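> Supplied structure: structure-v2.tsv, TSV, C-alpha atoms.
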chain	number	residue	atom	x	y	z
A	97	VAL	CA	-63.38	31.02	-39.72
A	98	ALA	CA	-67.11	31.59	-39.73
A	99	CYS	CA	-68.67	34.46	-37.87
A	100	VAL	CA	-71.57	33.24	-35.81
A	101	GLY	CA	-74.02	35.64	-34.24
A	102	VAL	CA	-71.87	38.74	-34.50
A	103	PHE	CA	-73.91	41.79	-35.39
A	104	VAL	CA	-72.57	45.04	-36.74
A	105	VAL	CA	-74.57	48.05	-37.79
A	106	LEU	CA	-72.24	48.89	-40.63
A	107	SER	CA	-73.69	49.55	-44.02
A	108	ASP	CA	-72.63	49.61	-47.60
A	109	ALA	CA	-70.14	52.46	-47.47
A	110	GLN	CA	-68.10	54.50	-49.87
A	111	SER	CA	-65.68	57.28	-49.16
A	112	LEU	CA	-65.92	60.61	-50.97
A	113	TYR	CA	-62.22	61.10	-50.19
A	114	VAL	CA	-61.18	57.85	-51.91
A	115	ALA	CA	-63.60	58.52	-54.80
A	116	LYS	CA	-61.83	61.84	-55.37
A	117	LEU	CA	-58.32	60.38	-55.10
A	118	CYS	CA	-59.24	57.48	-57.39
A	119	ARG	CA	-61.42	59.39	-59.84
A	120	GLY	CA	-61.79	57.46	-63.10
A	121	SER	CA	-60.93	54.11	-61.49
A	122	GLN	CA	-63.19	51.16	-60.78
A	123	CYS	CA	-62.87	47.59	-59.57
A	124	LYS	CA	-64.74	45.10	-61.73
A	125	ASP	CA	-63.17	41.84	-60.56
A	126	PRO	CA	-65.21	40.39	-57.63
A	127	SER	CA	-61.99	38.84	-56.30
A	128	TYR	CA	-60.57	42.37	-55.85
A	129	PRO	CA	-63.70	44.45	-55.19
A	130	ILE	CA	-62.47	47.30	-52.99
A	131	LEU	CA	-61.21	50.49	-54.61
A	132	ASP	CA	-58.61	51.97	-52.30
A	133	TYR	CA	-55.68	54.35	-52.15
A	134	VAL	CA	-52.13	53.34	-51.18
A	135	PRO	CA	-50.40	56.52	-49.95
A	136	GLU	CA	-46.91	55.01	-49.87
A	137	GLU	CA	-47.17	54.32	-53.59
A	138	GLU	CA	-49.42	57.31	-54.37
A	139	LYS	CA	-51.79	55.18	-56.42
A	140	CYS	CA	-55.17	53.50	-56.39
A	141	VAL	CA	-55.56	49.73	-56.25
A	142	CYS	CA	-58.28	47.13	-56.28
A	143	ARG	CA	-57.99	45.20	-53.02
A	144	GLN	CA	-59.29	41.96	-51.67
A	145	HIS	CA	-61.49	42.17	-48.64
A	146	PRO	CA	-58.96	42.46	-45.77
A	147	CYS	CA	-60.67	39.61	-43.88
A	148	TRP	CA	-59.60	37.27	-46.68
A	149	GLU	CA	-55.96	37.79	-45.69
A	150	ASP	CA	-56.09	38.01	-41.91
A	151	ALA	CA	-52.95	36.15	-40.76
A	152	ASP	CA	-53.75	33.11	-42.91
A	153	VAL	CA	-57.35	33.03	-41.65
A	154	ILE	CA	-60.13	33.36	-44.20
A	155	HIS	CA	-63.28	34.69	-42.58
A	156	SER	CA	-66.74	34.00	-43.95
A	157	CYS	CA	-70.30	34.59	-42.80
A	158	LEU	CA	-72.48	31.51	-42.80
A	159	LEU	CA	-75.54	32.60	-40.82
A	160	PRO	CA	-78.39	33.75	-43.07
A	161	ASP	CA	-79.29	36.57	-40.66
A	162	PHE	CA	-75.72	37.96	-40.79
A	163	PRO	CA	-74.50	37.14	-44.32
A	164	TYR	CA	-72.15	40.07	-45.02
A	165	LEU	CA	-68.50	40.19	-44.04
A	166	ALA	CA	-67.49	43.55	-42.58
A	167	PHE	CA	-64.23	44.97	-41.29
A	168	SER	CA	-62.86	47.76	-39.17
A	169	TYR	CA	-59.62	48.48	-37.35
A	170	ASP	CA	-59.28	49.11	-33.62
A	171	LYS	CA	-57.25	52.00	-32.18
A	172	ASP	CA	-54.09	49.89	-32.45
A	173	SER	CA	-54.79	49.25	-36.17
A	174	ARG	CA	-55.68	45.59	-35.59
A	175	LEU	CA	-58.12	44.17	-38.10
A	176	MET	CA	-61.58	43.31	-36.73
A	177	CYS	CA	-63.73	41.03	-38.92
A	178	THR	CA	-67.43	40.66	-38.21
A	179	CYS	CA	-70.64	39.61	-39.93
A	180	GLY	CA	-73.49	42.01	-40.48
A	181	VAL	CA	-77.03	42.29	-41.73
A	182	ARG	CA	-76.15	44.78	-44.51
A	183	PRO	CA	-73.43	44.78	-47.15
A	184	HIS	CA	-70.33	46.69	-46.12
A	185	THR	CA	-67.34	47.95	-48.01
A	186	ALA	CA	-64.87	50.57	-46.91
A	187	SER	CA	-61.40	51.89	-47.55
A	188	VAL	CA	-58.56	50.10	-45.78
A	189	HIS	CA	-56.54	53.31	-46.03
A	190	ILE	CA	-59.18	55.32	-44.20
A	191	SER	CA	-60.20	52.57	-41.75
A	192	ARG	CA	-56.64	51.58	-40.78
A	193	ASP	CA	-54.27	54.42	-41.65
A	194	LEU	CA	-56.32	57.55	-41.00
A	195	CYS	CA	-59.21	56.55	-38.71
A	196	ALA	CA	-58.21	53.43	-36.75
A	197	GLY	CA	-60.54	53.02	-33.77
A	198	HIS	CA	-63.32	55.09	-35.36
A	199	TYR	CA	-66.65	53.47	-36.21
A	200	CYS	CA	-69.83	54.74	-37.80
A	201	GLU	CA	-72.67	52.86	-36.18
A	202	GLU	CA	-75.60	55.13	-36.98
A	203	GLU	CA	-77.64	53.76	-39.89
A	204	THR	CA	-78.13	57.20	-41.48
A	205	TRP	CA	-74.40	58.06	-41.24
A	206	PRO	CA	-72.68	54.71	-41.99
A	207	VAL	CA	-69.68	55.87	-44.02
A	208	LEU	CA	-66.36	56.36	-42.26
A	209	ASP	CA	-64.56	59.00	-44.29
A	210	TRP	CA	-61.70	61.45	-44.12
A	211	ASP	CA	-62.49	65.17	-44.21
A	212	GLU	CA	-59.51	66.57	-46.07
A	213	GLN	CA	-60.26	70.20	-45.21
A	214	ARG	CA	-60.67	69.63	-41.48
A	215	GLY	CA	-58.06	66.84	-41.29
A	216	GLU	CA	-60.31	64.52	-39.30
A	217	CYS	CA	-62.42	61.38	-39.46
A	218	VAL	CA	-66.13	61.85	-40.07
A	219	CYS	CA	-69.23	59.72	-40.38
A	220	ARG	CA	-71.38	60.66	-43.32
A	221	ALA	CA	-74.37	59.42	-45.28
A	222	HIS	CA	-73.68	57.12	-48.21
A	223	PRO	CA	-73.15	59.40	-51.24
A	224	CYS	CA	-75.84	57.46	-53.13
A	225	SER	CA	-78.48	57.84	-50.42
A	226	GLU	CA	-79.42	61.26	-51.81
A	227	MET	CA	-77.49	62.00	-54.98
A	228	ASP	CA	-78.91	64.81	-57.10
A	229	GLY	CA	-82.33	64.33	-55.48
A	230	GLU	CA	-82.47	60.59	-56.09
A	231	ARG	CA	-82.07	57.71	-53.64
A	232	HIS	CA	-80.20	54.69	-54.93
A	233	ASP	CA	-80.72	51.19	-53.53
A	234	CYS	CA	-79.58	47.72	-54.51
A	235	THR	CA	-82.55	45.37	-54.42
A	236	ASP	CA	-81.14	42.45	-56.44
A	237	PRO	CA	-79.81	39.88	-53.91
A	238	ASN	CA	-77.09	38.93	-56.42
A	239	PHE	CA	-75.84	42.54	-56.50
A	240	PRO	CA	-76.44	43.87	-52.97
A	241	ILE	CA	-73.49	46.24	-52.54
A	242	LEU	CA	-74.14	49.88	-53.32
A	243	ARG	CA	-70.95	51.52	-54.55
A	244	TYR	CA	-70.09	55.13	-55.28
A	245	ARG	CA	-67.31	56.27	-57.56
A	246	GLU	CA	-66.46	59.25	-59.70
A	247	ASP	CA	-65.31	59.66	-63.29
A	248	ASP	CA	-63.58	62.65	-64.80
A	249	PRO	CA	-65.78	65.00	-66.81
A	250	LEU	CA	-66.04	64.19	-70.51
A	251	ARG	CA	-65.29	67.79	-71.51
A	252	PRO	CA	-63.50	70.68	-69.79
A	253	GLY	CA	-65.83	72.76	-67.66
A	254	GLU	CA	-68.26	69.89	-67.01
A	255	SER	CA	-68.89	68.53	-63.54
A	256	VAL	CA	-67.36	65.36	-62.18
A	257	LYS	CA	-69.52	62.38	-63.10
A	258	LYS	CA	-70.97	60.79	-59.93
A	259	ILE	CA	-71.77	57.08	-60.31
A	260	CYS	CA	-73.84	54.80	-58.08
A	261	GLU	CA	-73.82	51.13	-58.99
A	262	CYS	CA	-74.74	47.78	-57.50
A	263	ALA	CA	-71.96	45.21	-57.13
A	264	ALA	CA	-71.97	41.47	-56.53
A	265	LYS	CA	-71.54	40.05	-53.04
A	266	PHE	CA	-67.85	39.58	-52.24
A	267	LEU	CA	-66.26	36.28	-53.25
A	268	ASP	CA	-63.19	34.65	-51.73
A	269	ALA	CA	-59.98	35.60	-53.52
A	270	PRO	CA	-56.24	34.81	-53.69
A	271	ASP	CA	-53.70	36.75	-51.63
A	272	GLY	CA	-52.67	40.32	-52.37
A	273	HIS	CA	-54.18	43.14	-54.35
A	274	ARG	CA	-54.32	43.93	-57.99
A	275	GLU	CA	-53.36	47.24	-59.46
A	276	LEU	CA	-55.76	49.16	-61.66
Now that the file is in, can you turn its structure into C-alpha coordinates?

Amino acid sequence: VACVGVFVVLSDAQSLYVAKLCRGSQCKDPSYPILDYVPEEEKCVCRQHPCWEDADVIHSCLLPDFPYLAFSYDKDSRLMCTCGVRPHTASVHISRDLCAGHYCEEETWPVLDWDEQRGECVCRAHPCSEMDGERHDCTDPNFPILRYREDDPLRPGESVKKICECAAKFLDAPDGHREL
(Lines of atoms letter the chains of each structure in order from A and count residues from 1; the text may use other names and numbers.)
(Lines give C-alpha, C1' and ligand atoms only; values in the text may rest on other atoms or scores of the structure.)
Protein backbone atom coordinates (compact mmCIF):
# COMPACT_ATOMS: atom_id res chain seq x y z
CA VAL A 1 0.00 0.00 0.00
CA ALA A 2 1.43 3.36 -0.92
CA CYS A 3 0.79 6.42 1.19
CA VAL A 4 -0.29 9.29 -0.99
CA GLY A 5 -0.43 12.82 0.33
CA VAL A 6 -0.39 11.95 4.01
CA PHE A 7 1.70 14.38 6.01
CA VAL A 8 3.05 13.82 9.47
CA VAL A 9 5.26 16.14 11.45
CA LEU A 10 7.19 13.31 13.03
CA SER A 11 10.93 13.43 12.97
CA ASP A 12 13.86 11.13 13.32
CA ALA A 13 13.36 10.03 16.91
CA GLN A 14 15.22 8.04 19.51
CA SER A 15 14.20 7.22 23.03
CA LEU A 16 16.55 7.84 25.95
CA TYR A 17 14.61 5.17 27.85
CA VAL A 18 15.24 2.49 25.20
CA ALA A 19 18.86 3.63 24.79
CA LYS A 20 19.36 3.04 28.52
CA LEU A 21 17.60 -0.35 28.53
CA CYS A 22 19.51 -1.46 25.43
CA ARG A 23 22.88 0.08 26.27
CA GLY A 24 25.65 -1.56 24.25
CA SER A 25 23.27 -2.80 21.54
CA GLN A 26 22.88 -1.61 17.96
CA CYS A 27 21.01 -2.62 14.84
CA LYS A 28 23.22 -2.74 11.75
CA ASP A 29 21.00 -4.73 9.39
CA PRO A 30 18.77 -2.33 7.36
CA SER A 31 16.12 -5.07 7.22
CA TYR A 32 15.85 -4.90 11.03
CA PRO A 33 16.72 -1.26 11.76
CA ILE A 34 14.78 -0.46 14.94
CA LEU A 35 16.40 -1.07 18.31
CA ASP A 36 13.62 -1.87 20.75
CA TYR A 37 12.88 -3.49 24.08
CA VAL A 38 10.55 -6.48 24.55
CA PRO A 39 9.38 -6.37 28.19
CA GLU A 40 7.79 -9.83 28.15
CA GLU A 41 11.18 -11.32 27.29
CA GLU A 42 13.23 -8.69 29.15
CA LYS A 43 15.57 -8.21 26.21
CA CYS A 44 16.43 -5.90 23.36
CA VAL A 45 15.77 -6.80 19.74
CA CYS A 46 16.29 -5.38 16.29
CA ARG A 47 12.84 -5.01 14.72
CA GLN A 48 11.48 -4.47 11.28
CA HIS A 49 9.52 -1.32 10.72
CA PRO A 50 6.04 -2.24 12.06
CA CYS A 51 4.40 -1.01 8.83
CA TRP A 52 6.17 -3.84 7.00
CA GLU A 53 4.07 -6.37 8.91
CA ASP A 54 0.69 -4.68 9.18
CA ALA A 55 -1.81 -7.54 8.72
CA ASP A 56 -0.11 -8.75 5.54
CA VAL A 57 0.00 -5.21 4.12
CA ILE A 58 3.38 -3.74 3.27
CA HIS A 59 3.25 0.04 3.33
CA SER A 60 5.61 2.21 1.32
CA CYS A 61 5.92 5.90 0.53
CA LEU A 62 6.14 6.70 -3.16
CA LEU A 63 5.60 10.47 -3.27
CA PRO A 64 8.89 12.40 -3.38
CA ASP A 65 7.50 15.08 -1.05
CA PHE A 66 6.60 12.47 1.60
CA PRO A 67 9.27 9.75 1.21
CA TYR A 68 9.60 8.48 4.79
CA LEU A 69 7.43 5.80 6.34
CA ALA A 70 6.33 6.66 9.88
CA PHE A 71 4.25 4.88 12.49
CA SER A 72 2.33 5.51 15.65
CA TYR A 73 -0.37 3.72 17.63
CA ASP A 74 -3.79 5.13 18.45
CA LYS A 75 -5.31 4.96 21.95
CA ASP A 76 -6.56 1.43 21.21
CA SER A 77 -3.02 0.34 20.24
CA ARG A 78 -3.90 0.07 16.54
CA LEU A 79 -0.99 0.67 14.20
CA MET A 80 -1.17 3.86 12.12
CA CYS A 81 1.19 4.04 9.12
CA THR A 82 1.79 7.35 7.38
CA CYS A 83 4.31 9.05 5.11
CA GLY A 84 6.26 12.08 6.21
CA VAL A 85 8.71 14.69 5.06
CA ARG A 86 11.40 13.69 7.61
CA PRO A 87 12.86 10.34 8.57
CA HIS A 88 11.15 8.75 11.56
CA THR A 89 12.06 5.89 13.82
CA ALA A 90 10.64 5.12 17.22
CA SER A 91 10.24 2.36 19.76
CA VAL A 92 7.28 0.03 19.25
CA HIS A 93 7.38 -0.69 22.99
CA ILE A 94 7.00 2.97 23.88
CA SER A 95 4.62 3.87 21.04
CA ARG A 96 2.28 0.89 21.52
CA ASP A 97 2.75 -0.51 25.03
CA LEU A 98 3.45 2.57 27.14
CA CYS A 99 2.19 5.59 25.18
CA ALA A 100 -0.52 4.46 22.76
CA GLY A 101 -2.51 7.48 21.57
CA HIS A 102 0.32 9.93 22.36
CA TYR A 103 1.98 11.86 19.55
CA CYS A 104 4.80 14.38 19.45
CA GLU A 105 3.97 16.80 16.67
CA GLU A 106 6.16 19.76 17.61
CA GLU A 107 9.31 19.88 15.46
CA THR A 108 11.56 20.84 18.39
CA TRP A 109 10.17 18.05 20.63
CA PRO A 110 9.64 15.14 18.18
CA VAL A 111 10.66 12.18 20.35
CA LEU A 112 7.95 10.21 22.14
CA ASP A 113 9.65 8.79 25.20
CA TRP A 114 8.93 7.25 28.57
CA ASP A 115 9.96 9.17 31.68
CA GLU A 116 10.86 6.37 34.07
CA GLN A 117 10.99 8.59 37.15
CA ARG A 118 7.60 10.22 36.59
CA GLY A 119 6.00 7.12 35.03
CA GLU A 120 4.56 9.03 32.08
CA CYS A 121 4.90 9.69 28.37
CA VAL A 122 6.86 12.77 27.36
CA CYS A 123 7.85 14.56 24.19
CA ARG A 124 11.48 15.54 24.13
CA ALA A 125 14.11 16.88 21.77
CA HIS A 126 16.14 14.35 19.82
CA PRO A 127 19.14 13.48 22.03
CA CYS A 128 21.48 14.36 19.14
CA SER A 129 20.00 17.81 18.56
CA GLU A 130 22.23 19.23 21.31
CA MET A 131 24.59 16.59 22.64
CA ASP A 132 27.54 17.92 24.60
CA GLY A 133 27.17 21.31 22.90
CA GLU A 134 27.11 19.90 19.38
CA ARG A 135 24.20 19.55 16.96
CA HIS A 136 24.18 16.41 14.85
CA ASP A 137 22.45 16.21 11.46
CA CYS A 138 22.32 13.66 8.67
CA THR A 139 22.86 15.42 5.36
CA ASP A 140 23.70 12.42 3.16
CA PRO A 141 20.44 11.41 1.37
CA ASN A 142 21.60 7.77 1.47
CA PHE A 143 21.89 7.91 5.28
CA PRO A 144 19.10 10.28 6.38
CA ILE A 145 18.09 8.74 9.72
CA LEU A 146 19.69 10.24 12.81
CA ARG A 147 19.98 7.59 15.51
CA TYR A 148 21.00 7.81 19.14
CA ARG A 149 22.31 4.93 21.19
CA GLU A 150 24.51 4.38 24.20
CA ASP A 151 27.47 2.12 24.91
CA ASP A 152 28.78 1.07 28.28
CA PRO A 153 31.83 2.95 29.53
CA LEU A 154 35.18 1.43 28.57
CA ARG A 155 36.47 1.63 32.15
CA PRO A 156 34.77 1.77 35.56
CA GLY A 157 34.02 5.32 36.64
CA GLU A 158 33.77 6.67 33.09
CA SER A 159 30.57 8.10 31.70
CA VAL A 160 28.20 6.25 29.41
CA LYS A 161 29.28 6.71 25.80
CA LYS A 162 26.59 8.66 23.87
CA ILE A 163 26.56 7.91 20.14
CA CYS A 164 24.84 9.78 17.30
CA GLU A 165 25.00 8.15 13.90
CA CYS A 166 23.36 8.37 10.50
CA ALA A 167 21.57 5.27 9.21
CA ALA A 168 20.34 4.23 5.78
CA LYS A 169 16.74 4.77 4.75
CA PHE A 170 14.61 1.78 5.76
CA LEU A 171 14.38 -1.11 3.31
CA ASP A 172 11.61 -3.68 3.04
CA ALA A 173 12.28 -6.80 5.09
CA PRO A 174 10.97 -10.31 5.80
CA ASP A 175 8.53 -11.00 8.63
CA GLY A 176 9.49 -10.95 12.30
CA HIS A 177 12.34 -9.48 14.25
CA ARG A 178 15.88 -10.53 14.82
CA GLU A 179 17.48 -10.80 18.18
CA LEU A 180 20.70 -8.97 18.96
> Please return as a ChimeraX atom specification every residue within 10 Å of (-80.4, 48.6, -56.2), taking into account all atoms listed in the file and the file's own coordinates.
/A:231-237,239-242,260-263
> Which one of A:Leu175, A:Tyr164, A:Arg192, A:Cys224 sits closest to Pro206 (chain A) if you count all atoms listed in the file?
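Of the candidates, the smallest distance to Pro206 (chain A) is held by A:Cys224.
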> Sorted by chain and rising residue number, list the residues of region 157-195 of chain A at most 7 Å from region 132-139 of chain A (counting only C-alpha atoms), each with its closest atom pair and distance in Å to one decimal, as a Markdown table.

| residue | atom | partner | partner_atom | distance |
| --- | --- | --- | --- | --- |
| A:Ser187 | CA | A:Asp132 | CA | 5.5 |
| A:Val188 | CA | A:Asp132 | CA | 6.8 |
| A:His189 | CA | A:Tyr133 | CA | 6.3 |
> Report, in Å to a single decimal, how far apart CA of Glu246 (chain A) and CA of Pro223 (chain A) are.
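We find that CA of Pro223 (chain A) and CA of Glu246 (chain A) lie 10.8 Å from each other.
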> Just how far from CA of Asp150 (chain A) is CA of Arg174 (chain A), in Å to one decimal?
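About the pair CA of Arg174 (chain A) and CA of Asp150 (chain A): they are 9.9 Å apart.
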> May I ask which of the residues A:Val114, A:Ile154, A:Ile190, A:Ala264 is the closest one to Cys177 (chain A), counting all atoms listed in the file?
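Under the stated criterion, the closest residue is A:Ile154.
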> Residues at most 12 Å from Gln213 (chain A), counting only C-alpha atoms, excluding those fewer than 4 positions away in the same chain, as a list of chain:residue names?
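My list of contacting residues is A:Tyr113, A:Cys217, A:Val218.
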> Check the smallest atom-to-atom distance from each of A:Leu158, A:Asn238, A:Leu208, A:Asp172 to Phe266 (chain A) using only C-alpha atoms, then report the winner.
A:Asn238
> In Å, with one decimal, what is the gap from CA of His145 (chain A) to CA of Ala186 (chain A)?
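Rounded to one decimal, the two atoms are 9.2 Å apart.
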> Every residue with an atom at most 10 Å from (-60.3, 56.8, -38.0) (file coordinates; all atoms listed in the file) is what I'm after, so could you write them as a list of chain:residue names?
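Within 10 Å of (-60.3, 56.8, -38.0), the protein and nucleic acid residues are A:Ser168, A:Tyr169, A:Asp170, A:Lys171, A:Ser173, A:His189, A:Ile190, A:Ser191, A:Arg192, A:Asp193, A:Leu194, A:Cys195, A:Ala196, A:Gly197, A:His198, A:Tyr199, A:Cys200, A:Leu208, A:Asp209, A:Trp210, A:Glu216, A:Cys217, A:Val218, A:Cys219.
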> Can you work out which one of A:Arg214, A:Lys265, A:Lys258, A:Arg245 has the shortest atom-to-atom distance to Cys123 (chain A), counting all atoms listed in the file?
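For Cys123 (chain A), the nearest of the candidates is A:Arg245.
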> Using only C-alpha atoms, can you tell me which of A:Pro163, A:Gly180, A:Pro126, A:Pro146 comes closest to Glu201 (chain A)?
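Going through A:Pro163, A:Gly180, A:Pro126, A:Pro146 one by one, the smallest distance to Glu201 (chain A) is for A:Gly180.
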> Would you please work out which residue, of A:Val141, A:Pro183, A:Phe162, A:Pro252, is nearest to Arg119 (chain A) when using all atoms listed in the file?
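For Arg119 (chain A), the nearest of the candidates is A:Val141.
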